[in-house]
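Undergrad: First the structure, which I've put down as structure tokens, then a few questions once you've had a look.
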Amino acid sequence: MNMQTSSLTIGAVAKRVGVAIDTIRYYEREGLLPEPQRRASGYRSYGEGTVAQLRFIRRAKELGFTLEEIRELLALSADRQRGVKAVKQRAQQRLAAVEQRIAELQRVRGGLAQLVASCPGHGKPEECPILRALSDTGVKP
């Protein structure tokens, strides 16, 4: 996935992809990006393949994939035998995790809505249902 067709600086790559320079260096250290070529001056030199790979990583992160899962997706993208099937399985797993998190957030939302509705917004702090619930002296949401 890393085709070096042009010579870009780390700053130019970061700007094109919309990530910080430190993020690119971090992904290199983590093995998500290959070590870049170096110019005679010692500066890193990147190609369009790196830009594409960084966009892939950024989009995968936006969908909630962990760096380890992204590493797997990158490897699977080059696997002609089982790549697509395995990628779909990883995406299904991520979707299930997202749906579980949404259900959890809906439960939290319901409990918080109950607390907000039960609080008059005035009076003594020790009588506040929100503070009682948070201090564990009242009923839990």
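Each chain of the structure tokens is named A, B, ... in the order shown, its residues numbered from 1; ligands are numbered from 1 in display order.
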Extract, using only C-alpha atoms, all DNA, RNA and protein residues at most 9 Å from A:Cys128, discarding same-chain residues fewer than 6 positions from it, and format them as a ChimeraX atom specification.
TA: /A:118-122
Undergrad: Write out, as a PDB file, in the first residue's frame, the residues just selected, with all heavy atoms.
TA:
ATOM      1  N   SER A 118     -35.985  14.726  38.194  1.00  0.00           N
ATOM      2  CA  SER A 118     -36.342  14.687  39.617  1.00  0.00           C
ATOM      3  C   SER A 118     -35.724  15.831  40.426  1.00  0.00           C
ATOM      4  O   SER A 118     -36.083  16.040  41.574  1.00  0.00           O
ATOM      5  CB  SER A 118     -35.927  13.349  40.227  1.00  0.00           C
ATOM      6  OG  SER A 118     -34.514  13.242  40.276  1.00  0.00           O
ATOM      7  N   CYS A 119     -34.831  16.571  39.827  1.00  0.00           N
ATOM      8  CA  CYS A 119     -34.157  17.657  40.552  1.00  0.00           C
ATOM      9  C   CYS A 119     -34.895  18.970  40.307  1.00  0.00           C
ATOM     10  O   CYS A 119     -35.070  19.380  39.158  1.00  0.00           O
ATOM     11  CB  CYS A 119     -32.709  17.787  40.099  1.00  0.00           C
ATOM     12  SG  CYS A 119     -31.803  19.075  40.979  1.00  0.00           S
ATOM     13  N   PRO A 120     -35.303  19.656  41.372  1.00  0.00           N
ATOM     14  CA  PRO A 120     -36.020  20.918  41.204  1.00  0.00           C
ATOM     15  C   PRO A 120     -35.117  22.070  40.759  1.00  0.00           C
ATOM     16  O   PRO A 120     -35.591  23.072  40.254  1.00  0.00           O
ATOM     17  CB  PRO A 120     -36.613  21.194  42.590  1.00  0.00           C
ATOM     18  CG  PRO A 120     -35.706  20.478  43.531  1.00  0.00           C
ATOM     19  CD  PRO A 120     -35.204  19.274  42.779  1.00  0.00           C
ATOM     20  N   GLY A 121     -33.812  21.921  40.948  1.00  0.00           N
ATOM     21  CA  GLY A 121     -32.900  22.977  40.533  1.00  0.00           C
ATOM     22  C   GLY A 121     -32.707  24.053  41.591  1.00  0.00           C
ATOM     23  O   GLY A 121     -32.075  25.068  41.326  1.00  0.00           O
ATOM     24  N   HIS A 122     -33.263  23.827  42.765  1.00  0.00           N
ATOM     25  CA  HIS A 122     -33.093  24.776  43.864  1.00  0.00           C
ATOM     26  C   HIS A 122     -33.220  24.009  45.174  1.00  0.00           C
ATOM     27  O   HIS A 122     -33.624  22.848  45.204  1.00  0.00           O
ATOM     28  CB  HIS A 122     -34.129  25.902  43.792  1.00  0.00           C
ATOM     29  CG  HIS A 122     -35.543  25.402  43.764  1.00  0.00           C
ATOM     30  ND1 HIS A 122     -36.221  24.995  44.889  1.00  0.00           N
ATOM     31  CD2 HIS A 122     -36.388  25.203  42.715  1.00  0.00           C
ATOM     32  CE1 HIS A 122     -37.436  24.587  44.546  1.00  0.00           C
ATOM     33  NE2 HIS A 122     -37.561  24.696  43.224  1.00  0.00           N
TER      34      HIS A 122
END
Undergrad: Stretch 55-121 of chain A near stretch 40-50 of chain A within 12 Å: what's each residue's closest atom pair and its distance in Å to one decimal, counting only C-alpha atoms, ordered by chain then ascending residue number, as a Markdown table?
TA:
| residue | atom | partner | partner_atom | distance |
| --- | --- | --- | --- | --- |
| A:Arg55 | CA | A:Thr50 | CA | 8.5 |
| A:Phe56 | CA | A:Thr50 | CA | 9.7 |
| A:Ile57 | CA | A:Thr50 | CA | 10.4 |
Undergrad: What lies within 9 Å of A:Ser77 using only C-alpha atoms, ignoring chain neighbours under 4 positions off, as a ChimeraX atom specification?
TA: /A:1,72-73,83-84,87
Undergrad: Generate a file of the selected residues that holds N, CA and C atoms, formatted as a JSON list (two decimals), in the first residue's frame.
TA:
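Contents of out.json, as written:
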[["chain", "number", "residue", "atom", "x", "y", "z"],
["A", 1, "MET", "N", 0.81, -1.19, 0.00],
["A", 1, "MET", "CA", 0.00, 0.00, 0.00],
["A", 1, "MET", "C", 0.86, 1.26, 0.00],
["A", 72, "GLU", "N", -4.25, -4.94, 11.62],
["A", 72, "GLU", "CA", -4.80, -6.15, 11.00],
["A", 72, "GLU", "C", -5.46, -5.82, 9.66],
["A", 73, "LEU", "N", -6.23, -4.74, 9.62],
["A", 73, "LEU", "CA", -6.90, -4.35, 8.38],
["A", 73, "LEU", "C", -5.89, -4.04, 7.28],
["A", 83, "GLY", "N", -8.51, -11.82, 2.53],
["A", 83, "GLY", "CA", -8.59, -10.42, 2.91],
["A", 83, "GLY", "C", -9.98, -9.86, 3.07],
["A", 84, "VAL", "N", -10.79, -9.94, 2.04],
["A", 84, "VAL", "CA", -12.11, -9.32, 2.07],
["A", 84, "VAL", "C", -13.01, -9.96, 3.12],
["A", 87, "VAL", "N", -11.79, -8.89, 6.52],
["A", 87, "VAL", "CA", -12.08, -7.46, 6.74],
["A", 87, "VAL", "C", -13.54, -7.30, 7.12]]
Undergrad: Quick check, in Å to one decimal: how far apart do atom CA of A:Ala113 and atom CA of A:Pro129 lie?
TA: 11.8 Å
Undergrad: When distances are computed from only C-alpha atoms, which of A:Arg132, A:Arg39, A:Lys88, A:Arg58 shows the smallest separation from A:Thr23?
TA: A:Arg58
Undergrad: Calculated over only C-alpha atoms, which of the candidates A:Val116, A:Gly64, A:Tyr26, A:Glu35 has the smallest distance to A:Ala96?
TA: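 Closest candidate: A:Gly64.
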Undergrad: In Å, how far is it from atom CA of A:Ser135 to atom CA of A:Arg101?
TA: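 Going from atom CA of A:Ser135 over to atom CA of A:Arg101 covers 24.9 Å.
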Undergrad: Pick from A:Leu63, A:Ile70, A:Leu76, A:Ala20: nearest to A:Leu95, with only C-alpha atoms counted?
TA: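 Of the candidates, the smallest distance to A:Leu95 is held by A:Leu63.
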Undergrad: Pick out each residue of stretch 15-127 of chain A that DSSP on the backbone tags as helix (DSSP H, G or I); I need them as a ChimeraX atom specification.
TA: /A:15-17,21-29,48-62,67-77,83-118,125-127
